[in-house]
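This is start-v8.txt (compact mmCIF, C-alpha atoms).
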```
# COMPACT_ATOMS: atom_id res chain seq x y z
CA MET A 1 0.00 0.00 0.00
CA MET A 2 1.26 3.45 -0.91
CA LYS A 3 1.83 5.71 2.06
CA LYS A 4 0.24 9.15 2.22
CA ILE A 5 3.31 11.37 2.36
CA PHE A 6 1.72 14.78 2.60
CA SER A 7 0.45 14.67 6.18
CA LEU A 8 1.42 17.67 8.26
CA THR A 9 0.60 18.90 11.72
CA ILE A 10 -1.36 22.11 11.38
CA LEU A 11 0.16 25.55 11.80
CA ILE A 12 0.76 25.96 15.51
CA ALA A 13 1.36 29.67 15.96
CA PHE A 14 1.45 33.14 14.54
CA LEU A 15 4.67 34.68 15.77
CA GLY A 16 4.34 38.14 17.26
CA MET A 17 4.80 41.18 15.04
CA ALA A 18 6.82 44.11 16.23
CA ALA A 19 5.29 47.58 16.19
CA ALA A 20 6.81 50.10 13.80
CA PRO A 21 6.17 53.57 12.42
CA ALA A 22 3.70 53.95 9.56
CA HIS A 23 5.27 53.55 6.10
CA ALA A 24 4.43 52.74 2.52
CA GLU A 25 3.41 49.10 2.26
CA LEU A 26 5.91 46.70 0.72
CA ARG A 27 3.98 45.04 -2.10
CA VAL A 28 4.55 43.69 -5.61
CA GLU A 29 1.85 43.55 -8.30
CA VAL A 30 1.64 40.12 -9.94
CA THR A 31 -0.38 41.08 -13.03
CA LYS A 32 1.68 43.99 -14.38
CA GLY A 33 3.32 43.51 -17.75
CA ASN A 34 6.63 44.88 -16.47
CA VAL A 35 7.54 43.93 -12.92
CA ASN A 36 10.43 45.30 -10.88
CA PRO A 37 11.34 42.30 -8.72
CA ILE A 38 11.56 42.89 -4.97
CA PRO A 39 15.11 42.30 -3.67
CA ILE A 40 14.65 39.74 -0.91
CA ALA A 41 17.34 38.38 1.42
CA ILE A 42 16.72 34.83 2.65
CA THR A 43 19.20 33.85 5.35
CA ASN A 44 20.13 30.44 6.62
CA PHE A 45 17.88 29.34 9.44
CA VAL A 46 19.42 28.84 12.88
CA ALA A 47 19.40 25.24 14.11
CA GLN A 48 18.91 25.02 17.86
CA ASP A 49 20.54 21.60 17.93
CA ALA A 50 22.62 19.30 15.71
CA ALA A 51 19.53 17.40 14.52
CA GLY A 52 18.20 20.48 12.74
CA GLN A 53 21.49 21.50 11.14
CA GLU A 54 20.74 19.79 7.83
CA PHE A 55 17.53 21.75 7.35
CA SER A 56 19.04 25.12 8.29
CA THR A 57 20.35 25.54 4.73
CA SER A 58 18.06 23.22 2.72
CA ILE A 59 14.79 24.93 3.72
CA PRO A 60 16.03 28.45 2.80
CA GLN A 61 17.37 27.07 -0.49
CA VAL A 62 13.93 25.73 -1.45
CA ILE A 63 12.28 29.01 -0.42
CA SER A 64 14.79 30.92 -2.55
CA SER A 65 14.11 28.65 -5.53
CA ASP A 66 10.33 28.97 -5.15
CA LEU A 67 10.28 32.75 -4.93
CA GLY A 68 13.00 33.26 -7.53
CA SER A 69 11.09 31.18 -10.08
CA THR A 70 8.18 33.66 -10.09
CA GLY A 71 10.08 36.57 -11.59
CA LEU A 72 8.56 38.76 -8.86
CA PHE A 73 11.48 38.48 -6.45
CA LYS A 74 15.21 39.04 -6.83
CA VAL A 75 16.77 36.59 -4.38
CA MET A 76 19.96 38.19 -3.10
CA ASP A 77 23.33 36.47 -3.03
CA PRO A 78 24.09 35.35 0.57
CA ARG A 79 27.71 36.40 0.04
CA SER A 80 26.51 40.02 0.15
CA PHE A 81 24.98 39.66 3.64
CA ILE A 82 26.62 41.71 6.38
CA GLN A 83 24.70 40.45 9.42
CA ASP A 84 24.89 36.76 10.28
CA SER A 85 21.86 34.55 11.06
CA VAL A 86 22.68 33.98 14.70
CA SER A 87 22.90 37.66 15.68
CA MET A 88 19.58 38.28 13.91
CA GLN A 89 17.85 36.22 16.59
CA THR A 90 18.63 38.99 19.07
CA GLN A 91 18.33 42.11 16.91
CA ILE A 92 17.79 42.86 13.22
CA ARG A 93 20.28 45.52 12.15
CA PHE A 94 18.06 47.01 9.45
CA ASN A 95 20.61 49.63 8.38
CA GLU A 96 23.02 46.89 7.32
CA TRP A 97 20.33 45.26 5.17
CA LYS A 98 19.49 48.66 3.65
CA THR A 99 23.14 49.03 2.72
CA ILE A 100 22.92 46.03 0.38
CA ASN A 101 19.51 47.24 -0.93
CA ALA A 102 17.42 44.41 0.49
CA GLN A 103 13.76 45.37 0.75
CA ALA A 104 12.44 42.15 2.32
CA LEU A 105 14.22 39.87 4.75
CA VAL A 106 13.51 36.29 5.87
CA ASN A 107 15.06 34.43 8.79
CA GLY A 108 14.07 31.45 10.91
CA THR A 109 14.90 28.77 13.42
CA ILE A 110 14.70 24.98 13.51
CA THR A 111 14.23 22.96 16.68
CA ARG A 112 13.90 19.20 17.21
CA THR A 113 11.28 18.45 19.89
CA GLN A 114 11.43 15.66 22.44
CA ASP A 115 8.91 13.54 20.52
CA GLY A 116 11.15 13.55 17.41
CA ARG A 117 9.24 16.14 15.41
CA THR A 118 10.68 19.32 13.96
CA ARG A 119 9.51 22.83 14.77
CA VAL A 120 10.22 25.37 12.04
CA GLU A 121 9.72 29.10 12.61
CA PHE A 122 10.12 31.89 10.09
CA ARG A 123 9.74 35.66 10.10
CA LEU A 124 9.38 38.09 7.20
CA PHE A 125 10.56 41.69 7.62
CA ASP A 126 10.10 44.93 5.71
CA VAL A 127 13.63 46.34 5.78
CA PHE A 128 12.84 49.98 4.98
CA GLY A 129 9.76 49.98 7.20
CA GLN A 130 11.84 48.23 9.93
CA GLN A 131 9.01 45.96 10.94
CA GLN A 132 7.97 42.34 10.92
CA LEU A 133 5.29 41.63 8.32
CA THR A 134 4.44 38.10 9.34
CA GLY A 135 5.81 35.18 11.31
CA MET A 136 4.65 31.61 11.75
CA ALA A 137 5.70 28.32 13.29
CA TYR A 138 4.98 24.78 12.09
CA MET A 139 5.41 21.37 13.62
CA THR A 140 6.04 18.37 11.38
CA THR A 141 8.04 15.19 10.92
CA PRO A 142 11.58 15.64 9.55
CA GLN A 143 10.79 13.92 6.22
CA ASN A 144 8.26 16.66 5.38
CA TRP A 145 10.85 19.42 5.42
CA ARG A 146 10.38 20.26 1.73
CA ARG A 147 6.67 20.75 2.20
CA ILE A 148 7.33 23.10 5.12
CA ALA A 149 9.60 25.13 2.84
CA HIS A 150 6.86 25.37 0.18
CA ILE A 151 4.28 26.43 2.78
CA ILE A 152 6.61 29.18 4.00
CA SER A 153 7.11 30.30 0.39
CA ASP A 154 3.33 30.48 0.00
CA GLU A 155 3.02 32.66 3.09
CA ILE A 156 5.73 35.05 1.92
CA TYR A 157 4.22 35.23 -1.58
CA LYS A 158 0.77 35.91 -0.15
CA ARG A 159 1.99 38.63 2.19
CA LEU A 160 4.02 40.46 -0.45
CA THR A 161 1.65 40.10 -3.43
CA GLY A 162 -1.79 39.87 -1.84
CA GLU A 163 -2.44 36.75 -3.96
CA GLY A 164 -2.64 33.13 -2.87
CA GLY A 165 0.48 31.03 -3.26
CA TYR A 166 0.94 27.87 -5.31
CA PHE A 167 4.20 26.29 -4.12
CA ASP A 168 2.63 23.66 -1.85
CA SER A 169 1.13 21.80 -4.79
CA ARG A 170 1.92 18.96 -7.19
CA ILE A 171 1.79 18.31 -10.92
CA VAL A 172 0.70 15.02 -12.44
CA TYR A 173 1.80 14.46 -16.03
CA VAL A 174 2.55 11.86 -18.69
CA ALA A 175 6.23 10.88 -18.59
CA GLU A 176 7.44 9.88 -22.04
CA SER A 177 10.43 7.70 -22.92
CA GLY A 178 11.66 5.55 -25.78
CA PRO A 179 11.95 6.25 -29.52
CA PRO A 180 9.34 8.50 -31.17
CA THR A 181 7.85 5.56 -33.07
CA LYS A 182 7.45 3.44 -29.93
CA ARG A 183 6.78 5.89 -27.12
CA ILE A 184 6.26 4.58 -23.58
CA LYS A 185 3.86 6.80 -21.62
CA ARG A 186 3.50 6.51 -17.85
CA LEU A 187 1.62 8.55 -15.30
CA ALA A 188 4.04 10.44 -13.08
CA ILE A 189 3.67 12.93 -10.24
CA MET A 190 6.03 15.48 -8.75
CA ASP A 191 6.08 18.54 -6.55
CA GLN A 192 5.54 21.73 -8.55
CA ASP A 193 9.31 22.36 -8.47
CA GLY A 194 10.15 18.91 -9.87
CA ALA A 195 11.15 17.28 -6.57
CA ASN A 196 9.80 13.92 -5.34
CA ASN A 197 9.12 12.68 -8.86
CA ARG A 198 7.64 9.16 -8.97
CA TYR A 199 5.84 6.98 -11.49
CA LEU A 200 2.27 5.84 -10.90
CA THR A 201 1.88 3.38 -13.79
CA ASP A 202 4.31 0.92 -15.35
CA GLY A 203 4.03 1.94 -19.00
CA ASN A 204 2.41 -1.27 -20.21
CA ASN A 205 -0.69 0.67 -21.24
CA LEU A 206 -0.87 4.05 -22.96
CA VAL A 207 -2.10 6.83 -20.65
CA LEU A 208 -3.38 10.32 -21.48
CA THR A 209 -4.90 13.46 -19.93
CA PRO A 210 -4.53 12.95 -16.14
CA ARG A 211 -6.55 15.40 -14.02
CA PHE A 212 -6.66 16.01 -10.25
CA SER A 213 -9.74 15.83 -8.09
CA PRO A 214 -10.43 18.78 -5.76
CA ASN A 215 -9.21 16.77 -2.74
CA THR A 216 -5.78 16.27 -4.46
CA GLN A 217 -5.74 12.56 -3.55
CA THR A 218 -7.38 11.08 -6.67
CA ILE A 219 -6.67 11.43 -10.39
CA THR A 220 -8.83 10.67 -13.38
CA TYR A 221 -7.17 9.76 -16.67
CA LEU A 222 -7.63 7.93 -19.97
CA SER A 223 -5.87 4.60 -20.53
CA PHE A 224 -5.82 2.19 -23.44
CA VAL A 225 -6.10 -1.28 -21.93
CA GLY A 226 -6.13 -3.98 -24.58
CA ASN A 227 -6.28 -1.16 -27.15
CA LYS A 228 -9.62 -0.12 -25.67
CA PRO A 229 -9.90 3.40 -24.21
CA ARG A 230 -11.25 3.59 -20.68
CA VAL A 231 -11.56 6.31 -18.09
CA TYR A 232 -9.90 5.41 -14.79
CA ILE A 233 -9.64 6.86 -11.31
CA TYR A 234 -6.34 6.47 -9.46
CA ASP A 235 -6.13 6.81 -5.66
CA LEU A 236 -2.77 8.35 -4.73
CA GLU A 237 -2.97 7.15 -1.14
CA THR A 238 -3.62 3.48 -1.87
CA GLY A 239 -2.40 3.09 -5.45
CA ARG A 240 -5.76 1.54 -6.35
CA GLN A 241 -7.12 2.07 -9.87
CA GLN A 242 -10.67 1.53 -11.04
CA SER A 243 -12.52 1.98 -14.32
CA VAL A 244 -15.53 4.28 -14.17
CA GLY A 245 -17.45 2.17 -16.70
CA GLU A 246 -17.85 0.89 -20.24
CA PHE A 247 -19.40 3.37 -22.68
CA GLY A 248 -19.36 1.54 -26.01
CA GLY A 249 -17.29 4.21 -27.76
CA MET A 250 -14.11 6.23 -27.59
CA THR A 251 -13.90 8.37 -24.45
CA PHE A 252 -11.72 11.48 -24.13
CA ALA A 253 -10.61 14.21 -21.77
CA PRO A 254 -12.11 13.19 -18.40
CA ARG A 255 -12.15 15.91 -15.74
CA PHE A 256 -13.62 16.20 -12.22
CA SER A 257 -16.36 18.63 -11.26
CA PRO A 258 -15.31 21.28 -8.69
CA ASP A 259 -16.94 19.34 -5.83
CA GLY A 260 -15.43 16.02 -6.96
CA SER A 261 -18.81 14.28 -7.22
CA LYS A 262 -18.86 13.99 -11.03
CA ILE A 263 -16.63 13.39 -14.01
CA ILE A 264 -17.24 15.15 -17.30
CA MET A 265 -15.89 13.65 -20.53
CA SER A 266 -16.32 13.37 -24.28
CA LEU A 267 -17.76 10.19 -25.81
CA SER A 268 -17.33 9.51 -29.54
CA LYS A 269 -19.80 7.46 -31.55
CA GLY A 270 -20.49 7.32 -35.29
CA GLY A 271 -18.07 10.06 -36.28
CA THR A 272 -19.31 12.66 -33.81
CA SER A 273 -18.59 13.23 -30.14
CA ASP A 274 -20.71 14.64 -27.32
CA LEU A 275 -20.16 15.67 -23.74
CA TYR A 276 -21.36 13.49 -20.88
CA SER A 277 -21.26 13.88 -17.12
CA MET A 278 -21.22 10.96 -14.73
CA ASP A 279 -22.18 10.96 -11.07
CA LEU A 280 -19.47 8.89 -9.35
CA ARG A 281 -21.95 7.38 -6.90
CA SER A 282 -24.61 6.19 -9.32
CA ARG A 283 -22.23 5.78 -12.31
CA ALA A 284 -25.10 6.95 -14.52
CA PRO A 285 -23.94 9.01 -17.55
CA VAL A 286 -25.94 12.08 -18.58
CA ARG A 287 -25.64 13.42 -22.13
CA LEU A 288 -25.07 17.18 -22.25
CA THR A 289 -24.70 17.96 -25.98
CA THR A 290 -26.60 16.62 -28.99
CA SER A 291 -25.22 18.54 -31.97
CA PRO A 292 -24.00 16.57 -35.04
CA SER A 293 -20.42 17.73 -34.53
CA ILE A 294 -17.32 17.15 -32.43
CA ASN A 295 -17.69 18.42 -28.86
CA THR A 296 -14.77 17.74 -26.54
CA ALA A 297 -12.28 19.08 -23.94
CA PRO A 298 -14.87 20.14 -21.32
CA SER A 299 -13.85 22.18 -18.27
CA TYR A 300 -16.09 23.30 -15.38
CA SER A 301 -16.20 26.83 -14.04
CA PRO A 302 -15.00 26.98 -10.39
CA ASP A 303 -18.58 27.19 -9.07
CA GLY A 304 -19.67 24.23 -11.22
CA SER A 305 -22.44 26.18 -12.95
CA ARG A 306 -20.95 26.35 -16.46
CA ILE A 307 -18.78 24.35 -18.83
CA ALA A 308 -16.27 25.57 -21.40
CA PHE A 309 -15.54 23.20 -24.28
CA GLU A 310 -14.33 23.10 -27.86
CA SER A 311 -16.60 22.31 -30.80
CA ASP A 312 -16.64 22.50 -34.59
CA ARG A 313 -20.41 22.99 -34.71
CA GLY A 314 -19.93 26.36 -36.43
CA GLY A 315 -17.64 24.94 -39.11
CA THR A 316 -14.29 25.52 -37.38
CA GLN A 317 -12.80 24.49 -34.05
CA GLN A 318 -13.85 27.12 -31.48
CA ILE A 319 -14.53 27.58 -27.76
CA TYR A 320 -18.06 27.59 -26.37
CA VAL A 321 -19.57 28.07 -22.91
CA MET A 322 -22.83 26.52 -21.72
CA SER A 323 -24.72 25.61 -18.57
CA ALA A 324 -23.35 22.61 -16.67
CA ASN A 325 -26.69 20.90 -17.33
CA GLY A 326 -26.37 21.34 -21.11
CA GLY A 327 -28.56 23.51 -23.31
CA ASP A 328 -27.73 26.48 -25.50
CA ALA A 329 -24.02 27.09 -25.90
CA GLN A 330 -22.49 30.49 -26.61
CA ARG A 331 -19.38 30.82 -28.74
CA ILE A 332 -16.72 33.01 -27.10
CA SER A 333 -13.73 32.79 -29.50
CA PHE A 334 -13.90 34.99 -32.59
CA GLY A 335 -10.27 35.74 -33.49
CA GLU A 336 -8.39 34.34 -36.46
CA GLY A 337 -7.48 30.66 -36.40
CA ARG A 338 -8.77 27.64 -34.52
CA TYR A 339 -9.20 27.42 -30.73
CA ALA A 340 -8.91 24.33 -28.51
CA SER A 341 -8.25 22.93 -25.01
CA PRO A 342 -10.17 25.48 -22.89
CA VAL A 343 -9.44 25.31 -19.15
CA TRP A 344 -11.26 27.51 -16.65
CA SER A 345 -9.14 29.40 -14.13
CA PRO A 346 -9.70 28.50 -10.45
CA ARG A 347 -10.46 32.19 -9.92
CA GLY A 348 -13.21 32.06 -12.56
CA ASP A 349 -12.02 35.20 -14.33
CA LEU A 350 -10.23 33.65 -17.32
CA ILE A 351 -10.22 30.61 -19.61
CA ALA A 352 -6.89 29.38 -20.95
CA PHE A 353 -6.80 27.99 -24.48
CA VAL A 354 -4.57 26.81 -27.32
CA LYS A 355 -4.79 28.65 -30.64
CA MET A 356 -3.65 27.40 -34.05
CA LEU A 357 -2.92 30.08 -36.64
CA ARG A 358 -0.76 30.02 -39.79
CA GLY A 359 1.19 26.93 -38.80
CA GLN A 360 1.96 28.13 -35.25
CA PHE A 361 0.52 27.19 -31.87
CA TYR A 362 -0.21 29.82 -29.22
CA LEU A 363 -1.12 29.65 -25.54
CA GLY A 364 -3.58 32.36 -24.52
CA VAL A 365 -6.30 33.45 -22.11
CA ILE A 366 -9.75 34.95 -22.65
CA ARG A 367 -12.56 36.11 -20.37
CA PRO A 368 -15.64 33.85 -20.14
CA ASP A 369 -17.67 36.41 -22.09
CA GLY A 370 -15.18 36.31 -24.98
CA SER A 371 -13.48 39.63 -24.29
CA GLY A 372 -9.86 40.41 -23.46
CA GLU A 373 -8.10 37.72 -25.50
CA ARG A 374 -4.33 37.72 -24.87
CA LEU A 375 -1.64 35.43 -26.29
CA LEU A 376 1.14 34.55 -23.84
CA THR A 377 3.57 32.37 -25.81
CA GLN A 378 3.97 30.48 -29.08
CA ALA A 379 5.92 27.48 -30.37
CA PHE A 380 6.03 24.74 -32.98
CA HIS A 381 3.44 22.89 -30.86
CA VAL A 382 1.92 24.08 -27.58
CA GLU A 383 -0.72 22.06 -25.75
CA GLY A 384 -2.22 21.04 -22.40
CA PRO A 385 -2.72 24.27 -20.40
CA THR A 386 -3.35 23.80 -16.68
CA TRP A 387 -3.71 26.43 -13.95
CA ALA A 388 -1.75 26.84 -10.74
CA PRO A 389 -4.02 26.97 -7.66
CA ASN A 390 -3.84 30.77 -7.48
CA GLY A 391 -4.95 31.29 -11.10
CA ARG A 392 -1.93 33.45 -11.90
CA VAL A 393 0.43 30.88 -13.48
CA LEU A 394 -0.10 28.27 -16.20
CA ALA A 395 1.76 25.04 -16.94
CA PHE A 396 1.71 23.47 -20.40
CA PHE A 397 3.89 21.39 -22.70
CA LYS A 398 5.81 22.16 -25.86
CA GLU A 399 6.80 19.74 -28.58
CA SER A 400 9.83 20.39 -30.75
CA GLN A 401 11.80 18.53 -33.39
CA GLY A 402 15.12 17.64 -31.78
CA GLY A 403 18.14 15.84 -33.22
CA SER A 404 16.74 12.50 -32.04
CA GLY A 405 13.18 13.22 -33.16
CA ARG A 406 10.20 14.70 -31.35
CA GLU A 407 10.84 16.05 -27.85
CA SER A 408 8.20 17.17 -25.37
CA HIS A 409 8.82 19.16 -22.20
CA LEU A 410 6.78 20.90 -19.49
CA TYR A 411 6.88 24.65 -19.00
CA SER A 412 5.20 27.30 -16.87
CA ILE A 413 4.39 30.94 -17.60
CA ASP A 414 2.67 33.72 -15.66
CA LEU A 415 -0.17 35.88 -16.91
CA THR A 416 2.16 38.67 -17.96
CA GLY A 417 3.76 36.30 -20.47
CA GLN A 418 7.14 37.51 -19.20
CA ASN A 419 8.27 34.61 -17.02
CA GLU A 420 8.36 31.38 -18.99
CA HIS A 421 10.62 28.59 -17.79
CA LEU A 422 11.21 24.86 -18.11
CA LEU A 423 9.76 22.65 -15.37
CA LYS A 424 12.05 19.99 -13.94
CA SER A 425 10.15 16.87 -14.94
CA SER A 426 11.85 13.51 -15.46
CA GLY A 427 12.82 13.57 -19.15
CA ASN A 428 10.14 14.12 -21.78
CA GLY A 429 6.70 15.02 -20.47
CA SER A 430 3.24 16.02 -21.67
CA ASP A 431 -0.35 16.53 -20.47
CA PRO A 432 0.44 18.30 -17.15
CA ALA A 433 -2.28 18.88 -14.56
CA TRP A 434 -1.68 21.16 -11.60
CA SER A 435 -3.21 20.15 -8.29
CA PRO A 436 -5.05 22.43 -5.88
CA LEU A 437 -3.01 23.32 -2.81
CA ASN A 438 -2.15 20.19 -0.83
CA GLN A 439 -4.53 19.31 1.97
```
What does the file become when written as structure tokens?
Amino acid sequence: MMKKIFSLTILIAFLGMAAAPAHAELRVEVTKGNVNPIPIAITNFVAQDAAGQEFSTSIPQVISSDLGSTGLFKVMDPRSFIQDSVSMQTQIRFNEWKTINAQALVNGTITRTQDGRTRVEFRLFDVFGQQQLTGMAYMTTPQNWRRIAHIISDEIYKRLTGEGGYFDSRIVYVAESGPPTKRIKRLAIMDQDGANNRYLTDGNNLVLTPRFSPNTQTITYLSFVGNKPRVYIYDLETGRQQSVGEFGGMTFAPRFSPDGSKIIMSLSKGGTSDLYSMDLRSRAPVRLTTSPSINTAPSYSPDGSRIAFESDRGGTQQIYVMSANGGDAQRISFGEGRYASPVWSPRGDLIAFVKMLRGQFYLGVIRPDGSGERLLTQAFHVEGPTWAPNGRVLAFFKESQGGSGRESHLYSIDLTGQNEHLLKSSGNGSDPAWSPLNQ
């Protein structure tokens, strides 16, 4: 049986905040096209005993990597620090941090408790305001140190941007290996920064389009077993897999409803495909579309009231929005080219999509009413958009023609389109799905 590795004792304390004179609030805007990153100094944590020494550098390193990857923060070189971590426990010499132009400052302590657990404290300071902005303490087992680091990163991000964080989350994807003509595709899962990568399936059967449930502990995906496509649910805690049923046709693109009680999917019969929802308790499918066309790639709005999907009912591949119960659908994409793979933001304000125009693929976003279309990036082939839990970052995959044939890798990009970078998956990867924040 697979062990649940994400358990964590709840936050145990808010650490006291020191009073300070009024000042302009230290804040970075995450949606501006041009961002001036906040210089942030992240010091080594102070280990109160030898048992915590290992984590005194590893936790700050993960925090630095998390925040630095956003493009919103300039993580300062520790070699420029004037004050050492130990003396900071008694007094923060803010003038010395001003000298090196740090605007935000993070320090912390690590203590091993008598019952073998680890207590991690951190504090975030506004250097020019000379005050503590936030401080928290967590109790956990030593093996969960990376998750503690991600949670701290989320708190810092939230305090300095006003937006929810996304570092304490995971990405499930299809890991690809082997020659292009005989690709092996396995389900894999990793932390959002590429750590703790592990395979969930053995590669004997082709797998596609994994998607997380709202509780982050189950995944739905499509698998070809005996060359027959079936929709499966995978339990991350137990490793158990189960088919959701036989439908007598080709099924595509399964995805959970926001409350986790249903799966929505596309079922192909007789040259057309329609959208169906299935209650996971009764296993009774309900047909949602009836047009003589291809309807696929459904995605629920965060409140579960509407569905975005792609359809060629108007003659070309476009994005439509309709009630979650079916009925009249409204087209929302009207630009040049074809539109596909709509995915509703967890904030509800945007729908991500893939656009095909003049031999190029684009990743973009549009409002649910069809206004405000913006293209974020382009490539030879871009596909599989998926939202971070805070609705401000997207992951996706790109395919390119390398020297050894087709290569596929995972990337992320923020809504400004200015911070695109490669995700550290294991080799080639496709079909990413970002989890909600871990629970």
Query - Non-local contacts of Thr209 (chain A) (10 Å; all atoms listed in the file; under 4 positions in same chain excluded) as a PyMOL selection string - result: chain A and resi 172-174+187+219-223+231+252-255+384+430-433
Can those selected residues be exported to a file as a compact mmCIF listing (two decimals), in the coordinates of the input so that it contains C-alpha atoms?
```
# COMPACT_ATOMS: atom_id res chain seq x y z
CA VAL A 172 0.70 15.02 -12.44
CA TYR A 173 1.80 14.46 -16.03
CA VAL A 174 2.55 11.86 -18.69
CA LEU A 187 1.62 8.55 -15.30
CA ILE A 219 -6.67 11.43 -10.39
CA THR A 220 -8.83 10.67 -13.38
CA TYR A 221 -7.17 9.76 -16.67
CA LEU A 222 -7.63 7.93 -19.97
CA SER A 223 -5.87 4.60 -20.53
CA VAL A 231 -11.56 6.31 -18.09
CA PHE A 252 -11.72 11.48 -24.13
CA ALA A 253 -10.61 14.21 -21.77
CA PRO A 254 -12.11 13.19 -18.40
CA ARG A 255 -12.15 15.91 -15.74
CA GLY A 384 -2.22 21.04 -22.40
CA SER A 430 3.24 16.02 -21.67
CA ASP A 431 -0.35 16.53 -20.47
CA PRO A 432 0.44 18.30 -17.15
CA ALA A 433 -2.28 18.88 -14.56
```
Requested in this report: In Å, rounded to a single decimal, give me how far CA of Ser291 (chain A) is from CA of Val365 (chain A).
Outcome: 26.0 Å
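For the choices A:Val393, A:Leu160, A:Val120, A:Leu363, the atom-to-atom distance to His381 (chain A) is smallest for A:Leu363 when using only C-alpha atoms.
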Query raised in the report: Within 10 Å of (13.1, 28.3, 15.3), all atoms listed in the file: residues as a list in words?
Result: Phe45, Val46, Ala47, Gln48, Gly52, Ser56, Gln89, Asn107, Gly108, Thr109, Ile110, Thr111, Arg112, Thr118, Arg119, Val120, Glu121, Phe122, Arg123, Met136, Ala137 and Tyr138 of chain A
Query raised in the report: For Gln330 (chain A), which residue among A:Ala352, A:Val343, A:Ala308, A:Val28 is the nearest when counting all atoms listed in the file?
Result: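 For Gln330 (chain A), the nearest of the given residues is A:Ala308.
Note that the spacing between CA of Ala149 (chain A) and CA of Glu420 (chain A) amounts to 22.7 Å.
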Query raised in the report: In terms of the shortest atom-to-atom distance over only C-alpha atoms, which of A:Gly391, A:Gly116, A:Pro78, A:Gly165 is closest to Thr43 (chain A)?
Result: A:Pro78
**Report entry** Two-atom distance - CA of Thr272 (chain A), CA of Thr316 (chain A) (Å)
**Finding:** 14.3 Å
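With all atoms listed in the file as the atoms that count, the residue of A:Asn197, A:Thr161, A:Gln242, A:Gln439 with the shortest distance to Ser425 (chain A) is A:Asn197.
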Query - Residues within 9 Å of (-11.9, 32.3, -20.3), counting all atoms listed in the file, listed as number ranges by chain - result: A: 308, 332, 342-345, 348-353, 365-373
Please write the residues from the selection above to a file, keeping C-alpha atoms, as a PDB file, in the coordinates of the input.
```
ATOM      1  CA  ALA A 308     -16.270  25.570 -21.400  1.00  0.00           C
ATOM      2  CA  ILE A 332     -16.720  33.010 -27.100  1.00  0.00           C
ATOM      3  CA  PRO A 342     -10.170  25.480 -22.890  1.00  0.00           C
ATOM      4  CA  VAL A 343      -9.440  25.310 -19.150  1.00  0.00           C
ATOM      5  CA  TRP A 344     -11.260  27.510 -16.650  1.00  0.00           C
ATOM      6  CA  SER A 345      -9.140  29.400 -14.130  1.00  0.00           C
ATOM      7  CA  GLY A 348     -13.210  32.060 -12.560  1.00  0.00           C
ATOM      8  CA  ASP A 349     -12.020  35.200 -14.330  1.00  0.00           C
ATOM      9  CA  LEU A 350     -10.230  33.650 -17.320  1.00  0.00           C
ATOM     10  CA  ILE A 351     -10.220  30.610 -19.610  1.00  0.00           C
ATOM     11  CA  ALA A 352      -6.890  29.380 -20.950  1.00  0.00           C
ATOM     12  CA  PHE A 353      -6.800  27.990 -24.480  1.00  0.00           C
ATOM     13  CA  VAL A 365      -6.300  33.450 -22.110  1.00  0.00           C
ATOM     14  CA  ILE A 366      -9.750  34.950 -22.650  1.00  0.00           C
ATOM     15  CA  ARG A 367     -12.560  36.110 -20.370  1.00  0.00           C
ATOM     16  CA  PRO A 368     -15.640  33.850 -20.140  1.00  0.00           C
ATOM     17  CA  ASP A 369     -17.670  36.410 -22.090  1.00  0.00           C
ATOM     18  CA  GLY A 370     -15.180  36.310 -24.980  1.00  0.00           C
ATOM     19  CA  SER A 371     -13.480  39.630 -24.290  1.00  0.00           C
ATOM     20  CA  GLY A 372      -9.860  40.410 -23.460  1.00  0.00           C
ATOM     21  CA  GLU A 373      -8.100  37.720 -25.500  1.00  0.00           C
TER      22      GLU A 373
END
```
Report task. Give me the residues within 10 Å of Leu206 (chain A) as JSON, numbers by chain, counting all atoms listed in the file and dropping any in the same chain fewer than 5 places off. Result -> {"A": [174, 183, 184, 185, 186, 187, 201, 222, 223, 224, 225, 226, 227, 229]}
